[in-house]
$ cat target12.txt   # compact mmCIF, N, CA and C atoms
# COMPACT_ATOMS: atom_id res chain seq x y z
N MET A 1 137.10 244.93 113.12
CA MET A 1 138.04 244.42 112.15
C MET A 1 138.72 245.60 111.44
N THR A 2 140.03 245.57 111.39
CA THR A 2 140.78 246.65 110.77
C THR A 2 140.78 246.48 109.25
N LYS A 3 140.51 247.57 108.56
CA LYS A 3 140.53 247.54 107.11
C LYS A 3 141.97 247.55 106.63
N LEU A 4 142.30 246.67 105.69
CA LEU A 4 143.65 246.58 105.17
C LEU A 4 143.96 247.79 104.29
N ASP A 5 145.20 248.24 104.36
CA ASP A 5 145.67 249.33 103.50
C ASP A 5 146.30 248.68 102.26
N LEU A 6 145.47 248.36 101.27
CA LEU A 6 145.96 247.75 100.05
C LEU A 6 146.33 248.83 99.05
N ARG A 7 147.47 248.58 98.35
CA ARG A 7 147.90 249.53 97.33
C ARG A 7 148.45 248.79 96.12
N GLN A 8 148.36 249.47 95.02
CA GLN A 8 148.88 248.96 93.75
C GLN A 8 150.05 249.87 93.37
N PHE A 9 151.21 249.25 93.11
CA PHE A 9 152.42 250.00 92.79
C PHE A 9 152.93 249.64 91.40
N LYS A 10 153.43 250.62 90.69
CA LYS A 10 154.18 250.42 89.45
C LYS A 10 155.62 250.76 89.78
N LEU A 11 156.52 249.80 89.53
CA LEU A 11 157.92 249.97 89.92
C LEU A 11 158.80 250.32 88.73
N VAL A 12 159.99 250.83 89.02
CA VAL A 12 160.89 251.26 87.96
C VAL A 12 161.32 250.11 87.05
N ASN A 13 161.29 248.88 87.53
CA ASN A 13 161.66 247.73 86.69
C ASN A 13 160.47 247.21 85.89
N SER A 14 159.36 247.91 85.91
CA SER A 14 158.10 247.63 85.21
C SER A 14 157.20 246.62 85.94
N ASP A 15 157.64 246.08 87.08
CA ASP A 15 156.75 245.23 87.86
C ASP A 15 155.55 246.04 88.34
N GLU A 16 154.42 245.37 88.39
CA GLU A 16 153.22 245.97 88.97
C GLU A 16 152.78 245.03 90.07
N ILE A 17 152.67 245.56 91.29
CA ILE A 17 152.36 244.72 92.44
C ILE A 17 151.15 245.28 93.20
N VAL A 18 150.48 244.37 93.90
CA VAL A 18 149.41 244.74 94.83
C VAL A 18 149.83 244.14 96.17
N CYS A 19 149.69 244.94 97.23
CA CYS A 19 150.14 244.46 98.54
C CYS A 19 149.44 245.21 99.66
N GLU A 20 149.66 244.70 100.85
CA GLU A 20 149.18 245.36 102.06
C GLU A 20 150.31 246.23 102.59
N VAL A 21 150.02 247.49 102.83
CA VAL A 21 151.02 248.41 103.39
C VAL A 21 150.85 248.41 104.91
N LEU A 22 151.97 248.13 105.59
CA LEU A 22 151.95 248.10 107.05
C LEU A 22 152.40 249.42 107.67
N GLU A 23 153.43 250.01 107.04
CA GLU A 23 154.00 251.25 107.59
C GLU A 23 154.80 251.97 106.51
N GLU A 24 154.83 253.29 106.64
CA GLU A 24 155.62 254.10 105.70
C GLU A 24 156.63 254.93 106.47
N THR A 25 157.82 255.07 105.87
CA THR A 25 158.83 255.99 106.39
C THR A 25 159.18 256.93 105.24
N SER A 26 160.09 257.84 105.46
CA SER A 26 160.44 258.79 104.40
C SER A 26 161.11 258.12 103.21
N GLY A 27 161.80 256.99 103.42
CA GLY A 27 162.52 256.35 102.32
C GLY A 27 162.03 254.99 101.92
N SER A 28 161.06 254.43 102.68
CA SER A 28 160.62 253.08 102.37
C SER A 28 159.20 252.81 102.87
N ILE A 29 158.67 251.70 102.39
CA ILE A 29 157.33 251.25 102.80
C ILE A 29 157.46 249.79 103.22
N ILE A 30 156.93 249.44 104.38
CA ILE A 30 156.92 248.05 104.83
C ILE A 30 155.65 247.41 104.30
N ILE A 31 155.82 246.31 103.56
CA ILE A 31 154.68 245.67 102.89
C ILE A 31 154.67 244.17 103.17
N ARG A 32 153.53 243.55 102.93
CA ARG A 32 153.42 242.09 103.02
C ARG A 32 152.32 241.61 102.08
N ASN A 33 152.24 240.29 101.93
CA ASN A 33 151.26 239.67 101.03
C ASN A 33 151.33 240.31 99.64
N VAL A 34 152.54 240.36 99.11
CA VAL A 34 152.79 241.03 97.83
C VAL A 34 152.54 240.06 96.68
N LEU A 35 151.68 240.47 95.75
CA LEU A 35 151.41 239.69 94.55
C LEU A 35 151.71 240.55 93.33
N LYS A 36 152.36 239.94 92.37
CA LYS A 36 152.71 240.62 91.12
C LYS A 36 151.59 240.42 90.11
N LEU A 37 151.23 241.50 89.44
CA LEU A 37 150.24 241.44 88.35
C LEU A 37 150.97 241.26 87.03
N THR A 38 150.52 240.31 86.23
CA THR A 38 151.11 240.10 84.91
C THR A 38 149.99 240.04 83.89
N TRP A 39 150.11 240.86 82.85
CA TRP A 39 149.12 240.85 81.77
C TRP A 39 149.44 239.74 80.80
N ARG A 40 148.42 239.05 80.35
CA ARG A 40 148.57 237.94 79.41
C ARG A 40 147.56 238.11 78.27
N GLU A 41 147.80 237.40 77.19
CA GLU A 41 146.86 237.38 76.08
C GLU A 41 146.74 235.95 75.59
N SER A 42 145.50 235.47 75.49
CA SER A 42 145.26 234.10 75.02
C SER A 42 145.47 234.04 73.50
N ASN A 43 145.49 232.83 72.97
CA ASN A 43 145.68 232.64 71.53
C ASN A 43 144.59 233.32 70.70
N ASP A 44 143.39 233.44 71.29
CA ASP A 44 142.29 234.07 70.56
C ASP A 44 142.19 235.58 70.82
N GLY A 45 143.23 236.16 71.45
CA GLY A 45 143.28 237.60 71.62
C GLY A 45 142.65 238.13 72.89
N TYR A 46 142.14 237.25 73.76
CA TYR A 46 141.53 237.68 75.01
C TYR A 46 142.63 238.10 75.99
N LYS A 47 142.53 239.32 76.52
CA LYS A 47 143.53 239.83 77.46
C LYS A 47 143.03 239.65 78.89
N TYR A 48 143.95 239.24 79.76
CA TYR A 48 143.62 239.03 81.17
C TYR A 48 144.90 239.21 81.99
N PHE A 49 144.76 239.23 83.30
CA PHE A 49 145.94 239.33 84.15
C PHE A 49 145.95 238.16 85.12
N THR A 50 147.15 237.85 85.59
CA THR A 50 147.32 236.80 86.59
C THR A 50 148.10 237.38 87.76
N PHE A 51 147.94 236.75 88.90
CA PHE A 51 148.73 237.09 90.08
C PHE A 51 149.76 236.00 90.30
N SER A 52 150.93 236.40 90.78
CA SER A 52 151.94 235.43 91.22
C SER A 52 152.67 236.04 92.40
N THR A 53 153.32 235.18 93.16
CA THR A 53 154.10 235.73 94.27
C THR A 53 155.22 236.58 93.69
N TRP A 54 155.57 237.62 94.39
CA TRP A 54 156.57 238.57 93.89
C TRP A 54 157.98 238.09 94.22
N MET A 55 158.16 237.52 95.42
CA MET A 55 159.46 237.01 95.82
C MET A 55 159.30 235.56 96.29
N ILE A 56 160.21 234.71 95.84
CA ILE A 56 160.19 233.30 96.21
C ILE A 56 160.34 233.16 97.73
N TYR A 57 159.56 232.27 98.31
CA TYR A 57 159.57 231.97 99.74
C TYR A 57 159.19 233.16 100.62
N GLN A 58 158.52 234.14 100.05
CA GLN A 58 158.06 235.29 100.83
C GLN A 58 156.55 235.42 100.77
N ASP A 59 155.87 234.27 100.66
CA ASP A 59 154.41 234.30 100.52
C ASP A 59 153.67 233.97 101.81
N HIS A 60 154.38 233.92 102.91
CA HIS A 60 153.74 233.66 104.20
C HIS A 60 153.19 234.98 104.75
N PRO A 61 152.03 234.96 105.38
CA PRO A 61 151.43 236.21 105.88
C PRO A 61 152.32 236.98 106.87
N LEU A 62 153.25 236.30 107.52
CA LEU A 62 154.14 236.99 108.45
C LEU A 62 155.40 237.53 107.79
N SER A 63 155.61 237.20 106.52
CA SER A 63 156.78 237.71 105.79
C SER A 63 156.54 239.16 105.41
N VAL A 64 157.45 240.02 105.81
CA VAL A 64 157.34 241.43 105.44
C VAL A 64 158.54 241.82 104.59
N MET A 65 158.35 242.80 103.75
CA MET A 65 159.40 243.28 102.85
C MET A 65 159.48 244.80 102.95
N LEU A 66 160.61 245.31 102.56
CA LEU A 66 160.83 246.74 102.55
C LEU A 66 160.91 247.19 101.10
N LEU A 67 159.98 248.02 100.69
CA LEU A 67 159.96 248.58 99.34
C LEU A 67 160.54 249.99 99.41
N MET A 68 161.62 250.20 98.69
CA MET A 68 162.29 251.50 98.72
C MET A 68 161.52 252.50 97.85
N MET A 69 161.33 253.69 98.37
CA MET A 69 160.56 254.73 97.68
C MET A 69 161.14 255.06 96.30
N ASN A 70 162.47 254.99 96.16
CA ASN A 70 163.09 255.35 94.88
C ASN A 70 162.86 254.30 93.80
N GLN A 71 162.18 253.20 94.14
CA GLN A 71 161.87 252.15 93.17
C GLN A 71 160.42 252.24 92.67
N ILE A 72 159.69 253.23 93.16
CA ILE A 72 158.27 253.38 92.82
C ILE A 72 158.09 254.49 91.80
N ILE A 73 157.41 254.15 90.70
CA ILE A 73 157.05 255.17 89.70
C ILE A 73 155.71 255.79 90.06
N ALA A 74 154.75 254.93 90.44
CA ALA A 74 153.41 255.41 90.76
C ALA A 74 152.73 254.43 91.70
N PHE A 75 151.70 254.90 92.39
CA PHE A 75 150.87 254.00 93.19
C PHE A 75 149.44 254.48 93.17
N ALA A 76 148.54 253.56 93.47
CA ALA A 76 147.11 253.87 93.46
C ALA A 76 146.39 252.97 94.45
N LYS A 77 145.20 253.39 94.82
CA LYS A 77 144.31 252.52 95.59
C LYS A 77 143.68 251.57 94.58
N PRO A 78 143.82 250.26 94.78
CA PRO A 78 143.23 249.32 93.81
C PRO A 78 141.70 249.42 93.78
N THR A 79 141.13 249.11 92.63
CA THR A 79 139.67 249.11 92.50
C THR A 79 139.08 247.99 93.36
N ASP A 80 137.80 248.08 93.63
CA ASP A 80 137.12 247.03 94.41
C ASP A 80 137.27 245.67 93.73
N GLN A 81 137.14 245.64 92.41
CA GLN A 81 137.26 244.38 91.68
C GLN A 81 138.66 243.79 91.84
N LEU A 82 139.69 244.64 91.73
CA LEU A 82 141.06 244.16 91.88
C LEU A 82 141.28 243.66 93.31
N CYS A 83 140.74 244.36 94.30
CA CYS A 83 140.86 243.92 95.70
C CYS A 83 140.23 242.55 95.89
N GLU A 84 139.08 242.34 95.26
CA GLU A 84 138.40 241.05 95.35
C GLU A 84 139.25 239.95 94.71
N GLU A 85 139.78 240.20 93.52
CA GLU A 85 140.62 239.23 92.83
C GLU A 85 141.90 238.95 93.63
N TYR A 86 142.47 239.99 94.22
CA TYR A 86 143.66 239.85 95.06
C TYR A 86 143.36 238.92 96.23
N GLY A 87 142.23 239.14 96.88
CA GLY A 87 141.84 238.28 98.01
C GLY A 87 141.69 236.83 97.61
N ILE A 88 141.09 236.60 96.45
CA ILE A 88 140.90 235.23 95.94
C ILE A 88 142.27 234.59 95.67
N ALA A 89 143.15 235.34 95.02
CA ALA A 89 144.48 234.81 94.69
C ALA A 89 145.29 234.54 95.96
N LEU A 90 145.23 235.44 96.91
CA LEU A 90 145.96 235.27 98.16
C LEU A 90 145.47 234.04 98.91
N LYS A 91 144.17 233.84 98.94
CA LYS A 91 143.60 232.66 99.60
C LYS A 91 144.04 231.38 98.89
N ALA A 92 144.06 231.40 97.57
CA ALA A 92 144.49 230.21 96.80
C ALA A 92 145.95 229.87 97.11
N ILE A 93 146.79 230.89 97.21
CA ILE A 93 148.20 230.66 97.53
C ILE A 93 148.34 230.10 98.95
N GLN A 94 147.60 230.65 99.88
CA GLN A 94 147.65 230.18 101.26
C GLN A 94 147.09 228.76 101.38
N ASP A 95 146.01 228.46 100.64
CA ASP A 95 145.46 227.10 100.64
C ASP A 95 146.48 226.10 100.11
N GLU A 96 147.19 226.48 99.05
CA GLU A 96 148.21 225.61 98.47
C GLU A 96 149.34 225.37 99.47
N ARG A 97 149.76 226.42 100.17
CA ARG A 97 150.81 226.28 101.18
C ARG A 97 150.33 225.35 102.30
N ASN A 98 149.07 225.47 102.71
CA ASN A 98 148.52 224.61 103.75
C ASN A 98 148.49 223.15 103.30
N LYS A 99 148.12 222.91 102.02
CA LYS A 99 148.12 221.55 101.49
C LYS A 99 149.52 220.95 101.52
N GLU A 100 150.51 221.75 101.13
CA GLU A 100 151.89 221.28 101.15
C GLU A 100 152.33 220.96 102.56
N SER A 101 151.93 221.78 103.51
CA SER A 101 152.27 221.56 104.92
C SER A 101 151.63 220.27 105.43
N GLU A 102 150.36 220.08 105.09
CA GLU A 102 149.65 218.87 105.51
C GLU A 102 150.28 217.63 104.89
N ALA A 103 150.66 217.73 103.62
CA ALA A 103 151.29 216.59 102.94
C ALA A 103 152.61 216.26 103.60
N LYS A 104 153.37 217.28 103.97
CA LYS A 104 154.66 217.05 104.63
C LYS A 104 154.45 216.38 105.98
N GLU A 105 153.45 216.84 106.74
CA GLU A 105 153.15 216.23 108.04
C GLU A 105 152.72 214.78 107.87
N THR A 106 151.88 214.51 106.87
CA THR A 106 151.43 213.15 106.59
C THR A 106 152.61 212.28 106.23
N ASP A 107 153.52 212.79 105.40
CA ASP A 107 154.70 212.05 105.00
C ASP A 107 155.58 211.75 106.21
N GLN A 108 155.76 212.72 107.10
CA GLN A 108 156.58 212.51 108.29
C GLN A 108 155.94 211.47 109.21
N THR A 109 154.62 211.52 109.34
CA THR A 109 153.91 210.54 110.16
C THR A 109 154.06 209.14 109.57
N ALA A 110 153.90 209.04 108.25
CA ALA A 110 154.04 207.74 107.58
C ALA A 110 155.45 207.21 107.75
N ARG A 111 156.45 208.05 107.60
CA ARG A 111 157.85 207.63 107.77
C ARG A 111 158.10 207.14 109.20
N ALA A 112 157.52 207.85 110.17
CA ALA A 112 157.69 207.46 111.57
C ALA A 112 157.05 206.09 111.82
N GLU A 113 155.86 205.86 111.25
CA GLU A 113 155.18 204.57 111.40
C GLU A 113 155.99 203.44 110.75
N ILE A 114 156.52 203.71 109.57
CA ILE A 114 157.34 202.70 108.87
C ILE A 114 158.59 202.39 109.68
N GLN A 115 159.24 203.42 110.21
CA GLN A 115 160.43 203.19 111.02
C GLN A 115 160.10 202.40 112.27
N LYS A 116 158.95 202.67 112.86
CA LYS A 116 158.51 201.93 114.05
C LYS A 116 158.35 200.44 113.71
N LYS A 117 157.73 200.14 112.56
CA LYS A 117 157.54 198.75 112.14
C LYS A 117 158.89 198.08 111.87
N ILE A 118 159.80 198.82 111.23
CA ILE A 118 161.13 198.27 110.95
C ILE A 118 161.84 197.95 112.27
N ASP A 119 161.74 198.86 113.22
CA ASP A 119 162.37 198.63 114.53
C ASP A 119 161.77 197.40 115.21
N GLU A 120 160.44 197.22 115.13
CA GLU A 120 159.79 196.06 115.73
C GLU A 120 160.27 194.76 115.09
N VAL A 121 160.34 194.76 113.76
CA VAL A 121 160.79 193.56 113.04
C VAL A 121 162.26 193.28 113.38
N THR A 122 163.06 194.32 113.42
CA THR A 122 164.48 194.16 113.74
C THR A 122 164.65 193.56 115.13
N THR A 123 163.86 194.06 116.09
CA THR A 123 163.92 193.54 117.46
C THR A 123 163.54 192.05 117.48
N LYS A 124 162.48 191.69 116.76
CA LYS A 124 162.05 190.27 116.74
C LYS A 124 163.10 189.39 116.10
N VAL A 125 163.72 189.87 115.03
CA VAL A 125 164.77 189.09 114.37
C VAL A 125 165.95 188.89 115.31
N GLU A 126 166.32 189.94 116.03
CA GLU A 126 167.43 189.84 116.99
C GLU A 126 167.11 188.86 118.11
N GLU A 127 165.83 188.83 118.54
CA GLU A 127 165.43 187.91 119.61
C GLU A 127 165.51 186.46 119.14
N VAL A 128 165.18 186.23 117.88
CA VAL A 128 165.21 184.87 117.32
C VAL A 128 166.66 184.39 117.18
N GLN A 129 167.55 185.24 116.86
CA GLN A 129 168.94 184.85 116.65
C GLN A 129 169.60 184.57 117.93
$ encode --input "target12.txt" --output "structure tokens"
Amino acid sequence: MTKLDLRQFKLVNSDEIVCEVLEETSGSIIIRNVLKLTWRESNDGYKYFTFSTWMIYQDHPLSVMLLMMNQIIAFAKPTDQLCEEYGIALKAIQDERNKESEAKETDQTARAEIQKKIDEVTTKVEEVQ
């Protein structure tokens, strides 16, 4: 099993992301499974971070992005704890996408069954007339 090249980047627009690096060139880095880190504070002062997708509709494992080197302020190897949290968040996002896919398939199947019944009733009505 190949170990993933995970990295944490701080970007010039202040975004902080964690992602898998696939390849580097002199001017860019090819990345995927990009999650944005956002720091939050609860009403009682507890500080924590959340992950969210960095780009809309780019959360599929086959979606790759090009990160330009001139947009990076700093990068680091994420800590083991951050890697673990990243894996949990990525799995949750993928599970949600799978649920949506299954719901869509179920909806399409139900629609097909309903249309089949409508067609059967229509045929019987036409035969009676």
$ residues_around --input "target12.txt" --residues "stretch 41-54 of chain A" --least-positions-apart "3" --cutoff "8 Å" --atoms "only N, CA and C atoms" --output "count of residues only"
14
$ residues_around --input "target12.txt" --residues "A:Val21" --least-positions-apart "3" --cutoff "8 Å" --atoms "only N, CA and C atoms" --output "list in words"
Leu4, Asp5, Leu6, Arg7, Val18, Glu24, Ile29, Ile30, Ile31, Arg32 and Asn33 of chain A
$ select_by_dssp --input "target12.txt" --residues "chain A" --states "strand (DSSP E or B)" --output "PyMOL selection string"
chain A and resi 6-11+16-24+28-41+47-53+64-68+72-76
$ select_by_dssp --input "target12.txt" --residues "chain A" --states "alpha helix (DSSP H)" --output "PyMOL selection string"
chain A and resi 80-128
$ write_last_selection --input "target12.txt" --atoms "N, CA and C atoms" --output "compact mmCIF listing (two decimals), in the coordinates of the input"
# COMPACT_ATOMS: atom_id res chain seq x y z
N ASP A 80 137.80 248.08 93.63
CA ASP A 80 137.12 247.03 94.41
C ASP A 80 137.27 245.67 93.73
N GLN A 81 137.14 245.64 92.41
CA GLN A 81 137.26 244.38 91.68
C GLN A 81 138.66 243.79 91.84
N LEU A 82 139.69 244.64 91.73
CA LEU A 82 141.06 244.16 91.88
C LEU A 82 141.28 243.66 93.31
N CYS A 83 140.74 244.36 94.30
CA CYS A 83 140.86 243.92 95.70
C CYS A 83 140.23 242.55 95.89
N GLU A 84 139.08 242.34 95.26
CA GLU A 84 138.40 241.05 95.35
C GLU A 84 139.25 239.95 94.71
N GLU A 85 139.78 240.20 93.52
CA GLU A 85 140.62 239.23 92.83
C GLU A 85 141.90 238.95 93.63
N TYR A 86 142.47 239.99 94.22
CA TYR A 86 143.66 239.85 95.06
C TYR A 86 143.36 238.92 96.23
N GLY A 87 142.23 239.14 96.88
CA GLY A 87 141.84 238.28 98.01
C GLY A 87 141.69 236.83 97.61
N ILE A 88 141.09 236.60 96.45
CA ILE A 88 140.90 235.23 95.94
C ILE A 88 142.27 234.59 95.67
N ALA A 89 143.15 235.34 95.02
CA ALA A 89 144.48 234.81 94.69
C ALA A 89 145.29 234.54 95.96
N LEU A 90 145.23 235.44 96.91
CA LEU A 90 145.96 235.27 98.16
C LEU A 90 145.47 234.04 98.91
N LYS A 91 144.17 233.84 98.94
CA LYS A 91 143.60 232.66 99.60
C LYS A 91 144.04 231.38 98.89
N ALA A 92 144.06 231.40 97.57
CA ALA A 92 144.49 230.21 96.80
C ALA A 92 145.95 229.87 97.11
N ILE A 93 146.79 230.89 97.21
CA ILE A 93 148.20 230.66 97.53
C ILE A 93 148.34 230.10 98.95
N GLN A 94 147.60 230.65 99.88
CA GLN A 94 147.65 230.18 101.26
C GLN A 94 147.09 228.76 101.38
N ASP A 95 146.01 228.46 100.64
CA ASP A 95 145.46 227.10 100.64
C ASP A 95 146.48 226.10 100.11
N GLU A 96 147.19 226.48 99.05
CA GLU A 96 148.21 225.61 98.47
C GLU A 96 149.34 225.37 99.47
N ARG A 97 149.76 226.42 100.17
CA ARG A 97 150.81 226.28 101.18
C ARG A 97 150.33 225.35 102.30
N ASN A 98 149.07 225.47 102.71
CA ASN A 98 148.52 224.61 103.75
C ASN A 98 148.49 223.15 103.30
N LYS A 99 148.12 222.91 102.02
CA LYS A 99 148.12 221.55 101.49
C LYS A 99 149.52 220.95 101.52
N GLU A 100 150.51 221.75 101.13
CA GLU A 100 151.89 221.28 101.15
C GLU A 100 152.33 220.96 102.56
N SER A 101 151.93 221.78 103.51
CA SER A 101 152.27 221.56 104.92
C SER A 101 151.63 220.27 105.43
N GLU A 102 150.36 220.08 105.09
CA GLU A 102 149.65 218.87 105.51
C GLU A 102 150.28 217.63 104.89
N ALA A 103 150.66 217.73 103.62
CA ALA A 103 151.29 216.59 102.94
C ALA A 103 152.61 216.26 103.60
N LYS A 104 153.37 217.28 103.97
CA LYS A 104 154.66 217.05 104.63
C LYS A 104 154.45 216.38 105.98
N GLU A 105 153.45 216.84 106.74
CA GLU A 105 153.15 216.23 108.04
C GLU A 105 152.72 214.78 107.87
N THR A 106 151.88 214.51 106.87
CA THR A 106 151.43 213.15 106.59
C THR A 106 152.61 212.28 106.23
N ASP A 107 153.52 212.79 105.40
CA ASP A 107 154.70 212.05 105.00
C ASP A 107 155.58 211.75 106.21
N GLN A 108 155.76 212.72 107.10
CA GLN A 108 156.58 212.51 108.29
C GLN A 108 155.94 211.47 109.21
N THR A 109 154.62 211.52 109.34
CA THR A 109 153.91 210.54 110.16
C THR A 109 154.06 209.14 109.57
N ALA A 110 153.90 209.04 108.25
CA ALA A 110 154.04 207.74 107.58
C ALA A 110 155.45 207.21 107.75
N ARG A 111 156.45 208.05 107.60
CA ARG A 111 157.85 207.63 107.77
C ARG A 111 158.10 207.14 109.20
N ALA A 112 157.52 207.85 110.17
CA ALA A 112 157.69 207.46 111.57
C ALA A 112 157.05 206.09 111.82
N GLU A 113 155.86 205.86 111.25
CA GLU A 113 155.18 204.57 111.40
C GLU A 113 155.99 203.44 110.75
N ILE A 114 156.52 203.71 109.57
CA ILE A 114 157.34 202.70 108.87
C ILE A 114 158.59 202.39 109.68
N GLN A 115 159.24 203.42 110.21
CA GLN A 115 160.43 203.19 111.02
C GLN A 115 160.10 202.40 112.27
N LYS A 116 158.95 202.67 112.86
CA LYS A 116 158.51 201.93 114.05
C LYS A 116 158.35 200.44 113.71
N LYS A 117 157.73 200.14 112.56
CA LYS A 117 157.54 198.75 112.14
C LYS A 117 158.89 198.08 111.87
N ILE A 118 159.80 198.82 111.23
CA ILE A 118 161.13 198.27 110.95
C ILE A 118 161.84 197.95 112.27
N ASP A 119 161.74 198.86 113.22
CA ASP A 119 162.37 198.63 114.53
C ASP A 119 161.77 197.40 115.21
N GLU A 120 160.44 197.22 115.13
CA GLU A 120 159.79 196.06 115.73
C GLU A 120 160.27 194.76 115.09
N VAL A 121 160.34 194.76 113.76
CA VAL A 121 160.79 193.56 113.04
C VAL A 121 162.26 193.28 113.38
N THR A 122 163.06 194.32 113.42
CA THR A 122 164.48 194.16 113.74
C THR A 122 164.65 193.56 115.13
N THR A 123 163.86 194.06 116.09
CA THR A 123 163.92 193.54 117.46
C THR A 123 163.54 192.05 117.48
N LYS A 124 162.48 191.69 116.76
CA LYS A 124 162.05 190.27 116.74
C LYS A 124 163.10 189.39 116.10
N VAL A 125 163.72 189.87 115.03
CA VAL A 125 164.77 189.09 114.37
C VAL A 125 165.95 188.89 115.31
N GLU A 126 166.32 189.94 116.03
CA GLU A 126 167.43 189.84 116.99
C GLU A 126 167.11 188.86 118.11
N GLU A 127 165.83 188.83 118.54
CA GLU A 127 165.43 187.91 119.61
C GLU A 127 165.51 186.46 119.14
N VAL A 128 165.18 186.23 117.88
CA VAL A 128 165.21 184.87 117.32
C VAL A 128 166.66 184.39 117.18
$ closest_residue --input "target12.txt" --among "A:Gly27, A:Thr79, A:Phe9, A:Lys3" --to "A:Leu67" --atoms "only N, CA and C atoms"
A:Gly27
$ atom_distance --input "target12.txt" --atom1 "atom CA of A:Phe75" --atom2 "atom CA of A:Ser26"
15.5 Å
$ atom_distance --input "target12.txt" --atom1 "atom CA of A:Ser28" --atom2 "atom CA of A:Arg97"
28.6 Å
$ atom_distance --input "target12.txt" --atom1 "atom N of A:Met55" --atom2 "atom N of A:Gly87"
16.1 Å
$ residues_near_point --input "target12.txt" --point "(161.4, 254.3, 90.1)" --cutoff "8 Å" --atoms "only N, CA and C atoms" --output "mmCIF file with N, CA and C atoms, in the frame of the given file"
data_model
loop_
_atom_site.group_PDB
_atom_site.id
_atom_site.type_symbol
_atom_site.label_atom_id
_atom_site.label_comp_id
_atom_site.auth_asym_id
_atom_site.auth_seq_id
_atom_site.Cartn_x
_atom_site.Cartn_y
_atom_site.Cartn_z
ATOM 1 N N LYS A 10 153.430 250.620 90.690
ATOM 2 C CA LYS A 10 154.180 250.420 89.450
ATOM 3 C C LYS A 10 155.620 250.760 89.780
ATOM 4 N N LEU A 11 156.520 249.800 89.530
ATOM 5 C CA LEU A 11 157.920 249.970 89.920
ATOM 6 C C LEU A 11 158.800 250.320 88.730
ATOM 7 N N VAL A 12 159.990 250.830 89.020
ATOM 8 C CA VAL A 12 160.890 251.260 87.960
ATOM 9 C C VAL A 12 161.320 250.110 87.050
ATOM 10 N N ASN A 13 161.290 248.880 87.530
ATOM 11 C CA ASN A 13 161.660 247.730 86.690
ATOM 12 C C ASN A 13 160.470 247.210 85.890
ATOM 13 N N SER A 14 159.360 247.910 85.910
ATOM 14 C CA SER A 14 158.100 247.630 85.210
ATOM 15 C C SER A 14 157.200 246.620 85.940
ATOM 16 N N MET A 68 161.620 250.200 98.690
ATOM 17 C CA MET A 68 162.290 251.500 98.720
ATOM 18 C C MET A 68 161.520 252.500 97.850
ATOM 19 N N MET A 69 161.330 253.690 98.370
ATOM 20 C CA MET A 69 160.560 254.730 97.680
ATOM 21 C C MET A 69 161.140 255.060 96.300
ATOM 22 N N ASN A 70 162.470 254.990 96.160
ATOM 23 C CA ASN A 70 163.090 255.350 94.880
ATOM 24 C C ASN A 70 162.860 254.300 93.800
ATOM 25 N N GLN A 71 162.180 253.200 94.140
ATOM 26 C CA GLN A 71 161.870 252.150 93.170
ATOM 27 C C GLN A 71 160.420 252.240 92.670
ATOM 28 N N ILE A 72 159.690 253.230 93.160
ATOM 29 C CA ILE A 72 158.270 253.380 92.820
ATOM 30 C C ILE A 72 158.090 254.490 91.800
ATOM 31 N N ILE A 73 157.410 254.150 90.700
ATOM 32 C CA ILE A 73 157.050 255.170 89.700
ATOM 33 C C ILE A 73 155.710 255.790 90.060
ATOM 34 N N ALA A 74 154.750 254.930 90.440
ATOM 35 C CA ALA A 74 153.410 255.410 90.760
ATOM 36 C C ALA A 74 152.730 254.430 91.700
#
